[in-house]
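*Asks:* I'd like to ask you about the structure that follows.
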Amino acid sequence: MSSLKVMVTGATGFLGSSVIPALQKNSGFTVYPIGRKECDLSLPQQVRQVIQTIQPDIVLHLAGLSKVSAAISLEDYFLGNVCLTQNLLTELQSLVKPIRFVLISSVHIYGHQTGVVEETALPHPQSAYAFSKFLAEEAVKKSSKSFSHLRGTVVRLSSCLGPGQPKGFVASDLSSKLKTAKTKSLPSISTGPLNAFRQFSDQRDIAEALSILLRLDQSTPFEIFNLANPEKKSVQELLNTFLEVTHLKLAVSSEATTHNPFNGLEMSTAKFHQLAPSFRFRPLRETLQDIWKCS
Ligand SMILES: NC(=O)c1ccc[n+]([C@@H]2O[C@H](COP(=O)([O-])OP(=O)(O)OC[C@H]3O[C@@H](n4cnc5c(N)ncnc54)[C@H](OP(=O)(O)O)[C@@H]3O)[C@@H](O)[C@H]2O)c1
């Protein structure tokens, strides 16, 4: 059987750096990494050219505006997350072959909900980032219902972390503060709120899990998967493990922030684990050790 052509957008990004090698390990895939250099996804002519040249069987759409920040405007999120997705979908509609479009979305679309939240829960986006991700999901849903050759998959991730993550995310910011404290022999650090929690997921495990999902056939037009480490941890627990790993003894002062008021939400990952029962995420300590080694 000939291999499936998998086009991956956002190839130069944090997740892309792990997803590309994970997919390339699989002999069933021929991988086409697409960074901004290959195609500016905001420009429909460039999108047309790249899609028509590759004629992909699967598009894994990682590109977008990934930072959650009140400082980024709704317009920028709309352009970065909704328009790029729609440009790809519009061009894929013209291909005369079965296509799978996989959108990487986020836990943020659920908003503030309690309990363990399944894929069937109603979205409740509370921030410009979440709203743009929700609209991107809707675009995929609409296309997959209107075009019988297009199957849509939405994968909602929780906070990813790992070596090489840029600043602006919980773990990378903590790591950078700890590094500065160590280098400058500072006695203390200040952090954002420590009571917020996340299902911190190593990006290398997410990459392997995505590779599994892409290998599985999807018979329905549209599916949603939550994908995250099932174990939730507070930022305090993350910090404690980081301090153990680094052997640093520091005073910590925590300040409230309006930067990202999302306190956390626990996603059920049962749907994914039913398809991949033996899949396991590595322990948080192992990820933090690798982050510290690379920082
Ligand atoms: N990281 C997480 O914790 C997390 C959690 C939940 C969901 N997600 C979602 O997962 C996806 C990947 O996240 P990430 O952390 O890998 O993000 P990232 O490191 O910020 O990477 C984003 C990628 O998108 C590319 N891109 C942006 N605008 C583009 C355009 N107009 N044309 C072509 N490429 C463009 C960027 O290229 P340049 O480098 O050239 O700008 C970069 O390669 C995002 O959709 C994000 O929302 C991430």
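Each chain in the structure tokens gets a letter, A, B, ..., in the order shown, and its residues are numbered from 1; ligands are numbered from 1 in order too.
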Write out as CSV the residues of chain A that have any atom within 7 Å of an atom of ligand 1, one row each with the nearest atom pair and its distance in Å to one decimal, counting only C-alpha atoms and all ligand atoms, sorted by chain and then rising number.

*Replies:*
residue,atom,partner,partner_atom_place_in_ligand_line,distance
A:Thr9,CA,ligand 1,34 (N),6.4
A:Gly10,CA,ligand 1,43 (O),3.5
A:Ala11,CA,ligand 1,43 (O),5.2
A:Thr12,CA,ligand 1,43 (O),3.9
A:Gly13,CA,ligand 1,21 (O),3.4
A:Phe14,CA,ligand 1,16 (O),3.7
A:Leu15,CA,ligand 1,16 (O),3.6
A:Gly16,CA,ligand 1,16 (O),5.5
A:Gly35,CA,ligand 1,34 (N),5.2
A:Arg36,CA,ligand 1,33 (C),3.8
A:Cys39,CA,ligand 1,33 (C),5.7
A:Asp40,CA,ligand 1,32 (N),3.7
A:Leu41,CA,ligand 1,32 (N),3.9
A:Ser42,CA,ligand 1,31 (N),4.7
A:Leu62,CA,ligand 1,11 (C),4.2
A:Ala63,CA,ligand 1,24 (O),3.2
A:Gly64,CA,ligand 1,27 (C),4.4
A:Leu65,CA,ligand 1,47 (O),5.8
A:Ser66,CA,ligand 1,47 (O),3.6
A:Lys67,CA,ligand 1,20 (O),6.6
A:Gly80,CA,ligand 1,28 (N),5.8
A:Leu84,CA,ligand 1,31 (N),6.6
A:Ile104,CA,ligand 1,10 (O),5.1
A:Ser105,CA,ligand 1,7 (C),5.1
A:Ser106,CA,ligand 1,7 (C),4.3
A:Val107,CA,ligand 1,6 (C),6.6
A:Arg156,CA,ligand 1,7 (C),6.6
A:Leu157,CA,ligand 1,6 (C),4.4
A:Ser158,CA,ligand 1,6 (C),5.1
A:Ser159,CA,ligand 1,3 (O),3.9
A:Cys160,CA,ligand 1,3 (O),3.6
A:Leu161,CA,ligand 1,3 (O),6.2

*Asks:* If you keep N, CA and C atoms, can you produce a file of those selected residues as a tab-separated table (two decimals), in the first residue's frame?

*Replies:*
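That gives us part01.tsv:
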chain	number	residue	atom	x	y	z
A	9	THR	N	1.30	21.67	9.16
A	9	THR	CA	1.53	23.11	9.28
A	9	THR	C	2.09	23.41	10.67
A	10	GLY	N	2.72	24.56	10.81
A	10	GLY	CA	3.31	24.91	12.12
A	10	GLY	C	4.51	24.04	12.42
A	11	ALA	N	5.18	23.56	11.34
A	11	ALA	CA	6.27	22.59	11.50
A	11	ALA	C	7.44	23.16	12.29
A	12	THR	N	7.61	24.50	12.24
A	12	THR	CA	8.74	25.10	12.94
A	12	THR	C	8.41	25.45	14.39
A	13	GLY	N	7.18	25.18	14.80
A	13	GLY	CA	6.75	25.56	16.15
A	13	GLY	C	7.15	24.53	17.20
A	14	PHE	N	6.75	24.79	18.43
A	14	PHE	CA	7.11	23.94	19.57
A	14	PHE	C	6.60	22.50	19.36
A	15	LEU	N	5.31	22.34	19.09
A	15	LEU	CA	4.78	20.98	18.91
A	15	LEU	C	5.31	20.37	17.62
A	16	GLY	N	5.41	21.19	16.58
A	16	GLY	CA	5.91	20.71	15.29
A	16	GLY	C	7.27	20.04	15.43
A	35	GLY	N	6.49	25.16	7.16
A	35	GLY	CA	6.67	26.33	8.01
A	35	GLY	C	6.26	27.56	7.22
A	36	ARG	N	6.41	28.72	7.84
A	36	ARG	CA	6.02	29.97	7.15
A	36	ARG	C	6.84	30.19	5.87
A	39	CYS	N	5.10	28.30	3.21
A	39	CYS	CA	3.77	28.82	2.90
A	39	CYS	C	3.28	29.74	4.01
A	40	ASP	N	2.97	30.99	3.65
A	40	ASP	CA	2.30	31.86	4.61
A	40	ASP	C	0.81	31.55	4.49
A	41	LEU	N	0.29	30.91	5.52
A	41	LEU	CA	-1.08	30.39	5.45
A	41	LEU	C	-2.14	31.50	5.44
A	42	SER	N	-1.70	32.75	5.68
A	42	SER	CA	-2.68	33.84	5.61
A	42	SER	C	-2.90	34.28	4.16
A	62	LEU	N	-1.21	22.51	12.84
A	62	LEU	CA	-0.69	22.98	14.14
A	62	LEU	C	-0.50	24.49	14.15
A	63	ALA	N	-0.39	25.09	12.97
A	63	ALA	CA	-0.03	26.52	12.91
A	63	ALA	C	-1.11	27.38	13.55
A	64	GLY	N	-0.67	28.45	14.16
A	64	GLY	CA	-1.63	29.38	14.74
A	64	GLY	C	-0.99	30.24	15.79
A	65	LEU	N	-1.82	30.99	16.44
A	65	LEU	CA	-1.37	31.86	17.53
A	65	LEU	C	-1.62	31.09	18.82
A	66	SER	N	-0.54	30.56	19.42
A	66	SER	CA	-0.72	29.58	20.50
A	66	SER	C	-0.70	30.17	21.90
A	67	LYS	N	-0.17	31.39	22.03
A	67	LYS	CA	-0.04	31.98	23.37
A	67	LYS	C	-1.40	32.47	23.86
A	80	GLY	N	-5.02	34.77	13.13
A	80	GLY	CA	-4.02	33.70	13.35
A	80	GLY	C	-4.62	32.31	13.49
A	84	LEU	N	-6.44	31.24	9.05
A	84	LEU	CA	-5.50	30.25	8.51
A	84	LEU	C	-6.21	28.91	8.30
A	104	ILE	N	-5.58	21.14	15.61
A	104	ILE	CA	-5.16	21.11	17.01
A	104	ILE	C	-5.82	22.28	17.74
A	105	SER	N	-6.70	21.92	18.66
A	105	SER	CA	-7.44	22.93	19.42
A	105	SER	C	-7.02	22.87	20.89
A	106	SER	N	-7.85	23.39	21.76
A	106	SER	CA	-7.38	23.58	23.13
A	106	SER	C	-8.48	23.34	24.17
A	107	VAL	N	-8.04	22.95	25.35
A	107	VAL	CA	-8.91	22.81	26.52
A	107	VAL	C	-9.65	24.13	26.80
A	156	ARG	N	-8.30	18.42	21.14
A	156	ARG	CA	-8.19	19.49	22.16
A	156	ARG	C	-7.09	19.12	23.15
A	157	LEU	N	-6.06	19.95	23.18
A	157	LEU	CA	-4.91	19.68	24.07
A	157	LEU	C	-4.99	20.53	25.33
A	158	SER	N	-4.40	20.00	26.40
A	158	SER	CA	-4.18	20.81	27.60
A	158	SER	C	-2.78	21.41	27.48
A	159	SER	N	-2.24	22.00	28.57
A	159	SER	CA	-0.91	22.63	28.50
A	159	SER	C	0.16	21.63	28.14
A	160	CYS	N	0.90	21.93	27.10
A	160	CYS	CA	2.03	21.07	26.73
A	160	CYS	C	3.30	21.69	27.29
A	161	LEU	N	4.27	20.85	27.56
A	161	LEU	CA	5.55	21.35	28.05
A	161	LEU	C	6.65	20.41	27.62

*Asks:* Give me the residues near region 260-277 of chain A as a ChimeraX atom specification, where near means some atom within 6 Å (using only C-alpha atoms) and where sequence neighbours in that chain fewer than 3 positions away do not count.

*Replies:* /A:116-118,196-198,226-227

*Asks:* Extract, using only C-alpha atoms, all DNA, RNA and protein residues at most 8 Å from Phe134 (chain A), discarding same-chain residues fewer than 6 positions from it, and format them as a PyMOL selection string.

*Replies:* chain A and resi 105+109+123+125

*Asks:* Those residues you just picked out, can you put them in a file as an mmCIF file, in the first residue's frame with all heavy atoms?

*Replies:*
data_model
loop_
_atom_site.group_PDB
_atom_site.id
_atom_site.type_symbol
_atom_site.label_atom_id
_atom_site.label_comp_id
_atom_site.auth_asym_id
_atom_site.auth_seq_id
_atom_site.Cartn_x
_atom_site.Cartn_y
_atom_site.Cartn_z
ATOM 1 N N SER A 105 -6.701 21.923 18.664
ATOM 2 C CA SER A 105 -7.443 22.929 19.417
ATOM 3 C C SER A 105 -7.015 22.874 20.891
ATOM 4 O O SER A 105 -5.946 22.343 21.208
ATOM 5 C CB SER A 105 -8.946 22.689 19.239
ATOM 6 O OG SER A 105 -9.669 23.720 19.852
ATOM 7 N N ILE A 109 -11.372 25.986 25.081
ATOM 8 C CA ILE A 109 -12.705 26.206 24.495
ATOM 9 C C ILE A 109 -13.826 25.811 25.484
ATOM 10 O O ILE A 109 -14.938 26.270 25.379
ATOM 11 C CB ILE A 109 -12.907 25.483 23.143
ATOM 12 C CG1 ILE A 109 -12.953 23.990 23.337
ATOM 13 C CG2 ILE A 109 -11.901 25.873 22.088
ATOM 14 C CD1 ILE A 109 -14.313 23.502 22.986
ATOM 15 N N PRO A 123 -19.103 23.851 24.469
ATOM 16 C CA PRO A 123 -18.000 24.804 24.616
ATOM 17 C C PRO A 123 -18.468 26.077 25.305
ATOM 18 O O PRO A 123 -19.632 26.458 25.182
ATOM 19 C CB PRO A 123 -17.581 25.110 23.172
ATOM 20 C CG PRO A 123 -18.168 24.025 22.345
ATOM 21 C CD PRO A 123 -19.395 23.562 23.056
ATOM 22 N N PRO A 125 -16.253 29.243 25.487
ATOM 23 C CA PRO A 125 -14.997 30.012 25.401
ATOM 24 C C PRO A 125 -15.077 31.329 26.161
ATOM 25 O O PRO A 125 -16.065 32.037 26.043
ATOM 26 C CB PRO A 125 -14.828 30.246 23.887
ATOM 27 C CG PRO A 125 -16.141 29.952 23.265
ATOM 28 C CD PRO A 125 -16.888 29.046 24.173
#

*Asks:* Running DSSP on the backbone, which parts of region 140-289 of chain A land in strand (DSSP E or B), as a count of residues only?

*Replies:* 32

*Asks:* Which is closest to Leu74 (chain A) among A:Ala128, A:Gly28, A:Ala22, A:Leu103, if we use only C-alpha atoms?

*Replies:*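 Looking at the shortest contact to Leu74 (chain A), the residue is A:Ala128.
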
*Asks:* Any idea what the distance is between CA of Arg100 (chain A) and CA of Cys83 (chain A)?

*Replies:*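 One can read the CA of Arg100 (chain A) to CA of Cys83 (chain A) distance as 18.6 Å.
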
*Asks:* Would you mind telling me which residue in A:His124, A:Arg48, A:His108, A:Arg215 lies nearest to Leu88 (chain A) when using only C-alpha atoms?

*Replies:* A:Arg48

*Asks:* From the set A:Ile99, A:Ser18, A:Arg282, A:Ile72, which residue has the shortest atom-to-atom contact distance to Leu4 (chain A), counting only C-alpha atoms?

*Replies:*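 Closest residue, counting only C-alpha atoms: A:Ile99.
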
*Asks:* Choose the residue, out of A:Ala251, A:Val170, A:Leu284, A:Ala181, that has the smallest atom-to-atom separation from Pro230 (chain A); count only C-alpha atoms.

*Replies:* A:Leu284

*Asks:* Quick check, in Å to one decimal: how far apart do CA of Leu194 (chain A) and CA of Asn229 (chain A) lie?

*Replies:*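 Between CA of Leu194 (chain A) and CA of Asn229 (chain A) the gap works out to 19.1 Å.
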